[in-house]
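Asker: The structure's right below; bear with me while I get my questions together.
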Amino acid sequence: MNDPRGSAKTSVTDADTEDVRITLASRVWLLPWRRRLGEVVAQATALGALVVIGIVLTILSPHFLTYVNLSEVAVDAAVTAIVAVGQTLVIVTAGIDLSVGSVAALAGVVGAQLMVNQNLPWLIAAVGGVLVGALAGLVNGGLVSWIKLPPFIATLGMMGVARGVTFLTTGAVAVYGVPAGFTALGLGYAGPIPVPAICLVVVIVIFGAIFTWTKLGRYARAIGSNQEASRLTGVPIGSYLVLVYVLSGVLAGFAGMIAASRVESGQPNFGIGLELDAIAAAVIGGASLFGGQGTVAGAIIGAFLIEEIRNGSILLNINTYAQDVIIGVVVWVAVAWDYWRRRHITDRARAPATAEIPRTSSAVTPPFPRGLRPRN
Amino acid sequence: MRKRRLPLVAAAAALPVLGMAACSTTGSSSSSAVSPGAASASAATAAAKPLTLAVVPKAIGFDYWTHVQAGAMCAAAKLGNVTIDWNGVAAETDITGQVSLLNGYIDRGVNGLIYAATDVKALLPVTARAQSARIPVYNIDSGTTPQQVPLFATDNLKGAHEVSALMNTYLHGHGNVAIIEFQPGSMTDNQRKQGFVQGLSAYPGLHLVADQPDQSDASKALTVTNDILTAHPTLNGIFGSNEPSVIGASQAVKQRHLSGKIVMVGWDAAPDEVAALKSGEISALIVQNPFRMGFDSVIAMTEHLRSGVSVANEDTGVYVVTKQNMNQGQFKAILTPSCANPPLPSSDPWLKYVHMS
């Protein structure tokens, strides 16, 4: 499902190239209604679930709807949400990034080591940690784009490599002794608002703009919709795909630095399972593992939903194992919904929609003469 | 991770805990077959035949394991004519790496093999192979299931019992407490929790109101502790059952300005844990004795090889370190163990075989 060259996408039809052309030509909000509908409905559903669960928790626990608890939820969700935004960008290209948890841990310990062992100013060291994330993303992107490894395999390898390097560089010992200034990143407040929440807002603004306004956002959707057709339409897939993984690595590194700041140390065990939370957040928020669909807003809603469930479980003293069951079931529902909407909304809508497009205006040369398409 | 310490279900030797005399009998059973002449014979072992002992931790480069190494090296130096081959894999999860490392030592024909098992099952064939090659094997810190060779390790159940007793003391018998677990399902985690819960049952005024795991991730420990503090504003005590649990939980307590108001009892003695103990954020730390694991196992192996002394399981004990006692003799020794200042109780049955000056 994560292989962009999978059998489902190898057959390129005129309709596909038209689809890609439209994707490239339009702003997100002008995309064909059928494409937007899936995302909007998924987001609305997730947002509805977020609100309903919030109301239920407010009724069941006097502690839920308090400033202390909600700011705590926001801070906890911020780390997952920042990673989930990068994950969504990757998923939109029909890829997946399994390495984000390990990369976050690596960034955290390297950043902490730069501060503690090299005595670098904390800001420079933190940027160094983020750059480690970018480097890991570059390797991921290179493996996917240039070596043509399936994203699942490329990032699965990086998941092991980054965690292994984390343990090797630290000897599996946490890095203690970070400077006081650095702790503001995870523990500080600007007025009543925790700094990690502000970091999240910055990420939302920047990546919302990337998704909506930039070539990268449109190309990512096009690549995810149909990589082959995008190539034929002239999208420089290689470099953009690399950039997508680099950005995912950057966000993982950033989240790792925030997490390190929160516990005032570089923890080699950080982020085990974070990749799964990030994928779950993206999917709950309407990203399709088949590519082409996914938004920043969805990722944020998904991450907050997961965090809300986790927080609520502890407030209500629900067994810890039950939390994982609940989140697992939510992911099932979200993915089942993804399949269902593709089968019943998108595909039904596709036939008449493609017929409406005047073929003669197409700038795309059909890859094969009609009737001579390769059999797959 | 190094948190997986196997227990000593049938621990024979007991240790002074909290500076108090141990409740059970001190372990003459650890060296039950010592003949009266054995001690005097060992005094002359400088001329005894040279021995090479392989000592293999779960992983190298870890603070905890360097203490095991220091103990082993110290014992070898005191015994004379004993060479320690110290080597280990890079990560405690590298089980196959440890298996091949140990097999290498067996092939080289070391005189004795002492190792901390990275897995309770996977290392059994290695032990069997060494024994068939007539190389005696002892486990330190973590053993195998079934435990077929002597094990020098911490009794986690007993250590966790101490935690509940401490809670009772600090809270004067009344209060709500929580435990931050690290890896539900791992034997060490289970025993620390079991020991704590069993211990609490003796104190009807103490109530366990929350129990959350953190997967040995300090960030998760911080999050769950925050949520526990929100859900239970009347919480009085927290037991962090390994290093990341303690780091995360004490961070949450600090952020909520509850330091000193909530009793924190932790496990292990990482630098930040000791710093938090000093600053009063943590009330007490349960500290294991890795130095003694290395020290006692090397002496036991040497005496077994040279004099035929028989060796049984040994509880290497825990120390309860507090802000008040952390700079005193034995407690200082346990935090910074060295051959010059070894953290060894006078009841250590193996002390009589060497001259500590």
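Identifiers in the structure tokens: chain A, B, ... in order shown; residue index from 1 per chain; ligand index from 1 in order shown.
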Show me, as a count of residues only, the residues of chain A whose atoms get within 10 Å of chain B, using only C-alpha atoms for the distance check.
Answerer: 51
Asker: Write out as a ChimeraX atom specification the residues lying within 9 Å of segment 189-205 of chain A, counting only C-alpha atoms and excluding same-chain residues fewer than 5 positions away.
Answerer: /A:71-72,74-79,81-82,85,184,210,251,258,296-297,300
Asker: Can you work out the spacing between atom CA of Lys352 of chain B and atom CA of Ser307 of chain B in Å, to one decimal?
Answerer: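 We find that atom CA of Lys352 of chain B and atom CA of Ser307 of chain B lie 14.0 Å from each other.
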Asker: From a DSSP pass on the backbone, collect the residues of segment 166-348 of chain A flagged as helix (DSSP H, G or I) and hand them back as number ranges by chain.
Answerer: A: 166-170, 180-187, 195-213, 215-225, 227-233, 237-262, 274-284, 296-315, 320-348
Asker: Store the residues picked out above in a file with C-alpha atoms, as a short mmCIF file (atom, residue, chain, number, x, y, z; two decimals), in the first residue's frame.
Answerer:
data_model
loop_
_atom_site.label_atom_id
_atom_site.label_comp_id
_atom_site.auth_asym_id
_atom_site.auth_seq_id
_atom_site.Cartn_x
_atom_site.Cartn_y
_atom_site.Cartn_z
CA THR A 166 21.30 6.88 19.46
CA PHE A 167 22.33 4.01 21.71
CA LEU A 168 25.86 3.90 20.32
CA THR A 169 26.55 7.61 20.79
CA THR A 170 25.17 7.60 24.33
CA ALA A 180 18.85 26.21 31.92
CA GLY A 181 18.06 28.35 28.86
CA PHE A 182 17.26 25.26 26.79
CA THR A 183 14.55 24.13 29.20
CA ALA A 184 12.42 27.11 28.15
CA LEU A 185 11.71 25.36 24.85
CA GLY A 186 9.71 22.62 26.52
CA LEU A 187 8.87 24.03 29.95
CA VAL A 195 6.04 27.39 24.61
CA PRO A 196 5.57 23.97 22.93
CA ALA A 197 2.03 25.04 21.97
CA ILE A 198 3.49 28.18 20.37
CA CYS A 199 6.01 26.01 18.51
CA LEU A 200 3.09 23.95 17.25
CA VAL A 201 1.28 27.04 16.00
CA VAL A 202 4.41 28.12 14.13
CA VAL A 203 4.64 24.68 12.52
CA ILE A 204 0.94 24.82 11.61
CA VAL A 205 1.34 28.21 9.95
CA ILE A 206 4.49 27.29 8.00
CA PHE A 207 3.32 23.87 6.89
CA GLY A 208 -0.23 25.01 6.27
CA ALA A 209 1.28 27.50 3.83
CA ILE A 210 3.50 24.81 2.30
CA PHE A 211 0.54 22.47 1.81
CA THR A 212 -1.69 25.17 0.39
CA TRP A 213 0.40 27.73 -1.42
CA LYS A 215 4.61 23.99 -5.52
CA LEU A 216 5.81 21.43 -2.98
CA GLY A 217 2.30 21.03 -1.58
CA ARG A 218 0.73 20.62 -4.99
CA TYR A 219 3.47 18.32 -6.25
CA ALA A 220 3.20 16.15 -3.14
CA ARG A 221 -0.50 15.65 -3.85
CA ALA A 222 0.18 14.97 -7.49
CA ILE A 223 2.90 12.42 -6.70
CA GLY A 224 0.60 10.74 -4.22
CA SER A 225 -2.36 10.71 -6.60
CA GLN A 227 3.35 9.07 -9.40
CA GLU A 228 3.69 7.80 -12.96
CA ALA A 229 1.19 10.27 -14.31
CA SER A 230 2.93 13.07 -12.40
CA ARG A 231 6.22 12.10 -13.98
CA LEU A 232 4.63 12.22 -17.42
CA THR A 233 3.13 15.59 -16.62
CA ILE A 237 9.43 13.88 -8.65
CA GLY A 238 12.91 12.98 -7.46
CA SER A 239 13.97 16.16 -5.73
CA TYR A 240 10.51 16.96 -4.36
CA LEU A 241 10.17 13.51 -2.86
CA VAL A 242 13.54 13.97 -1.15
CA LEU A 243 12.43 17.35 0.18
CA VAL A 244 9.28 15.80 1.63
CA TYR A 245 11.31 13.30 3.67
CA VAL A 246 13.79 15.99 4.72
CA LEU A 247 10.91 18.09 6.08
CA SER A 248 9.54 15.09 7.95
CA GLY A 249 12.99 14.58 9.46
CA VAL A 250 13.26 18.26 10.38
CA LEU A 251 9.93 18.14 12.22
CA ALA A 252 10.89 14.89 13.96
CA GLY A 253 14.15 16.53 15.05
CA PHE A 254 12.31 19.62 16.28
CA ALA A 255 9.87 17.48 18.26
CA GLY A 256 12.82 15.56 19.69
CA MET A 257 14.40 18.78 20.93
CA ILE A 258 11.14 19.88 22.59
CA ALA A 259 10.85 16.49 24.28
CA ALA A 260 14.48 16.64 25.44
CA SER A 261 13.85 20.08 26.87
CA ARG A 262 10.78 18.87 28.75
CA LEU A 274 5.86 7.77 18.25
CA GLU A 275 5.82 6.91 14.54
CA LEU A 276 2.67 4.88 15.07
CA ASP A 277 0.98 7.72 16.94
CA ALA A 278 1.96 10.09 14.13
CA ILE A 279 0.62 7.79 11.43
CA ALA A 280 -2.55 7.24 13.44
CA ALA A 281 -2.97 11.01 13.87
CA ALA A 282 -2.54 11.60 10.14
CA VAL A 283 -4.98 8.85 9.19
CA ILE A 284 -7.57 9.88 11.78
CA VAL A 296 -2.20 19.90 8.38
CA ALA A 297 -5.49 20.55 10.15
CA GLY A 298 -6.34 16.86 9.99
CA ALA A 299 -3.00 15.86 11.49
CA ILE A 300 -3.45 18.33 14.34
CA ILE A 301 -6.99 17.15 15.07
CA GLY A 302 -5.81 13.53 14.97
CA ALA A 303 -2.92 14.17 17.35
CA PHE A 304 -5.17 16.02 19.81
CA LEU A 305 -7.75 13.23 19.61
CA ILE A 306 -5.13 10.62 20.51
CA GLU A 307 -3.79 12.78 23.31
CA GLU A 308 -7.30 13.46 24.59
CA ILE A 309 -8.08 9.75 24.72
CA ARG A 310 -4.82 9.05 26.52
CA ASN A 311 -5.33 11.90 28.99
CA GLY A 312 -8.95 10.92 29.59
CA SER A 313 -8.01 7.31 30.23
CA ILE A 314 -5.69 8.34 33.04
CA LEU A 315 -8.17 10.87 34.47
CA THR A 320 -3.45 1.46 30.61
CA TYR A 321 -3.77 -1.43 28.24
CA ALA A 322 -7.29 -0.28 27.43
CA GLN A 323 -5.91 3.05 26.15
CA ASP A 324 -4.00 1.27 23.43
CA VAL A 325 -7.09 -0.75 22.57
CA ILE A 326 -9.18 2.41 22.24
CA ILE A 327 -6.63 4.19 20.05
CA GLY A 328 -6.21 1.03 17.95
CA VAL A 329 -9.94 0.82 17.37
CA VAL A 330 -10.07 4.50 16.40
CA VAL A 331 -7.35 3.87 13.81
CA TRP A 332 -9.30 0.89 12.43
CA VAL A 333 -12.39 3.03 12.08
CA ALA A 334 -10.44 5.82 10.40
CA VAL A 335 -8.73 3.51 7.91
CA ALA A 336 -11.92 1.58 7.21
CA TRP A 337 -13.53 4.93 6.49
CA ASP A 338 -10.64 5.76 4.17
CA TYR A 339 -11.25 2.56 2.17
CA TRP A 340 -14.98 3.03 2.15
CA ARG A 341 -14.90 6.60 0.95
CA ARG A 342 -12.47 5.71 -1.84
CA ARG A 343 -14.73 2.95 -3.04
CA HIS A 344 -18.05 4.73 -2.67
CA ILE A 345 -17.42 8.42 -2.99
CA THR A 346 -14.29 8.98 -5.01
CA ASP A 347 -14.71 6.21 -7.54
CA ARG A 348 -18.38 6.82 -8.13
#
Asker: Atom CA of Met187 of chain B and atom CA of Val120 of chain B, how far apart in Å?
Answerer: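 Atom-to-atom, atom CA of Val120 of chain B and atom CA of Met187 of chain B are spaced 9.5 Å apart.
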Asker: At a cut-off of 10 Å, using only C-alpha atoms, what residues contact Phe196 of chain B? Leave out same-chain residues fewer than 5 positions from it and give the result as a list in words.
Answerer: Asn156, Leu157, Lys158, Gly159, Ala160, His161, Glu162, Val163, Ser164, Ala165, Met167, Ile179, Asn190, Gln191, Ser201, Leu208, Phe239 and Ser241 of chain B
Asker: Mind writing the picked residues with N, CA and C atoms as a PDB file, in the first residue's frame?
Answerer:
ATOM      1  N   ASN B 156      14.582  -7.825  43.631  1.00  0.00           N
ATOM      2  CA  ASN B 156      13.690  -6.703  43.327  1.00  0.00           C
ATOM      3  C   ASN B 156      12.458  -6.672  44.222  1.00  0.00           C
ATOM      4  N   LEU B 157      11.948  -7.875  44.537  1.00  0.00           N
ATOM      5  CA  LEU B 157      10.768  -7.932  45.404  1.00  0.00           C
ATOM      6  C   LEU B 157      11.074  -7.266  46.745  1.00  0.00           C
ATOM      7  N   LYS B 158      12.232  -7.629  47.295  1.00  0.00           N
ATOM      8  CA  LYS B 158      12.581  -7.110  48.606  1.00  0.00           C
ATOM      9  C   LYS B 158      12.844  -5.602  48.537  1.00  0.00           C
ATOM     10  N   GLY B 159      13.512  -5.170  47.459  1.00  0.00           N
ATOM     11  CA  GLY B 159      13.781  -3.745  47.293  1.00  0.00           C
ATOM     12  C   GLY B 159      12.496  -2.944  47.216  1.00  0.00           C
ATOM     13  N   ALA B 160      11.514  -3.487  46.479  1.00  0.00           N
ATOM     14  CA  ALA B 160      10.254  -2.774  46.328  1.00  0.00           C
ATOM     15  C   ALA B 160       9.455  -2.782  47.633  1.00  0.00           C
ATOM     16  N   HIS B 161       9.620  -3.855  48.421  1.00  0.00           N
ATOM     17  CA  HIS B 161       9.027  -3.879  49.758  1.00  0.00           C
ATOM     18  C   HIS B 161       9.532  -2.688  50.573  1.00  0.00           C
ATOM     19  N   GLU B 162      10.819  -2.427  50.446  1.00  0.00           N
ATOM     20  CA  GLU B 162      11.421  -1.307  51.150  1.00  0.00           C
ATOM     21  C   GLU B 162      10.738   0.009  50.776  1.00  0.00           C
ATOM     22  N   VAL B 163      10.383   0.127  49.481  1.00  0.00           N
ATOM     23  CA  VAL B 163       9.755   1.363  49.020  1.00  0.00           C
ATOM     24  C   VAL B 163       8.443   1.600  49.761  1.00  0.00           C
ATOM     25  N   SER B 164       7.651   0.538  49.911  1.00  0.00           N
ATOM     26  CA  SER B 164       6.370   0.727  50.603  1.00  0.00           C
ATOM     27  C   SER B 164       6.599   1.085  52.071  1.00  0.00           C
ATOM     28  N   ALA B 165       7.632   0.475  52.660  1.00  0.00           N
ATOM     29  CA  ALA B 165       7.937   0.815  54.048  1.00  0.00           C
ATOM     30  C   ALA B 165       8.348   2.284  54.175  1.00  0.00           C
ATOM     31  N   MET B 167       7.450   4.732  52.135  1.00  0.00           N
ATOM     32  CA  MET B 167       6.242   5.541  51.945  1.00  0.00           C
ATOM     33  C   MET B 167       5.490   5.654  53.261  1.00  0.00           C
ATOM     34  N   ILE B 179       2.320   4.448  41.356  1.00  0.00           N
ATOM     35  CA  ILE B 179       3.547   3.835  40.870  1.00  0.00           C
ATOM     36  C   ILE B 179       3.673   4.123  39.378  1.00  0.00           C
ATOM     37  N   ASN B 190       7.620  -6.370  36.780  1.00  0.00           N
ATOM     38  CA  ASN B 190       6.578  -7.088  37.508  1.00  0.00           C
ATOM     39  C   ASN B 190       6.946  -7.247  38.972  1.00  0.00           C
ATOM     40  N   GLN B 191       8.217  -7.585  39.226  1.00  0.00           N
ATOM     41  CA  GLN B 191       8.589  -7.833  40.611  1.00  0.00           C
ATOM     42  C   GLN B 191       8.650  -6.564  41.430  1.00  0.00           C
ATOM     43  N   SER B 201       0.114  -3.600  51.235  1.00  0.00           N
ATOM     44  CA  SER B 201      -1.017  -4.277  51.880  1.00  0.00           C
ATOM     45  C   SER B 201      -0.821  -4.340  53.395  1.00  0.00           C
ATOM     46  N   LEU B 208      -3.079   2.720  46.881  1.00  0.00           N
ATOM     47  CA  LEU B 208      -2.503   2.843  45.544  1.00  0.00           C
ATOM     48  C   LEU B 208      -3.613   3.331  44.614  1.00  0.00           C
ATOM     49  N   PHE B 239       6.124   6.335  43.437  1.00  0.00           N
ATOM     50  CA  PHE B 239       7.255   5.425  43.320  1.00  0.00           C
ATOM     51  C   PHE B 239       7.627   5.326  41.840  1.00  0.00           C
ATOM     52  N   SER B 241       9.801   3.475  39.272  1.00  0.00           N
ATOM     53  CA  SER B 241      10.414   2.161  39.445  1.00  0.00           C
ATOM     54  C   SER B 241      11.651   1.920  38.595  1.00  0.00           C
TER      55      SER B 241
END
Asker: Suppose you want the space between atom CA of Lys261 of chain B and atom CA of Asn236 of chain B; what is it in Å?
Answerer: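 Pair atom CA of Lys261 of chain B / atom CA of Asn236 of chain B returns 7.3 Å.
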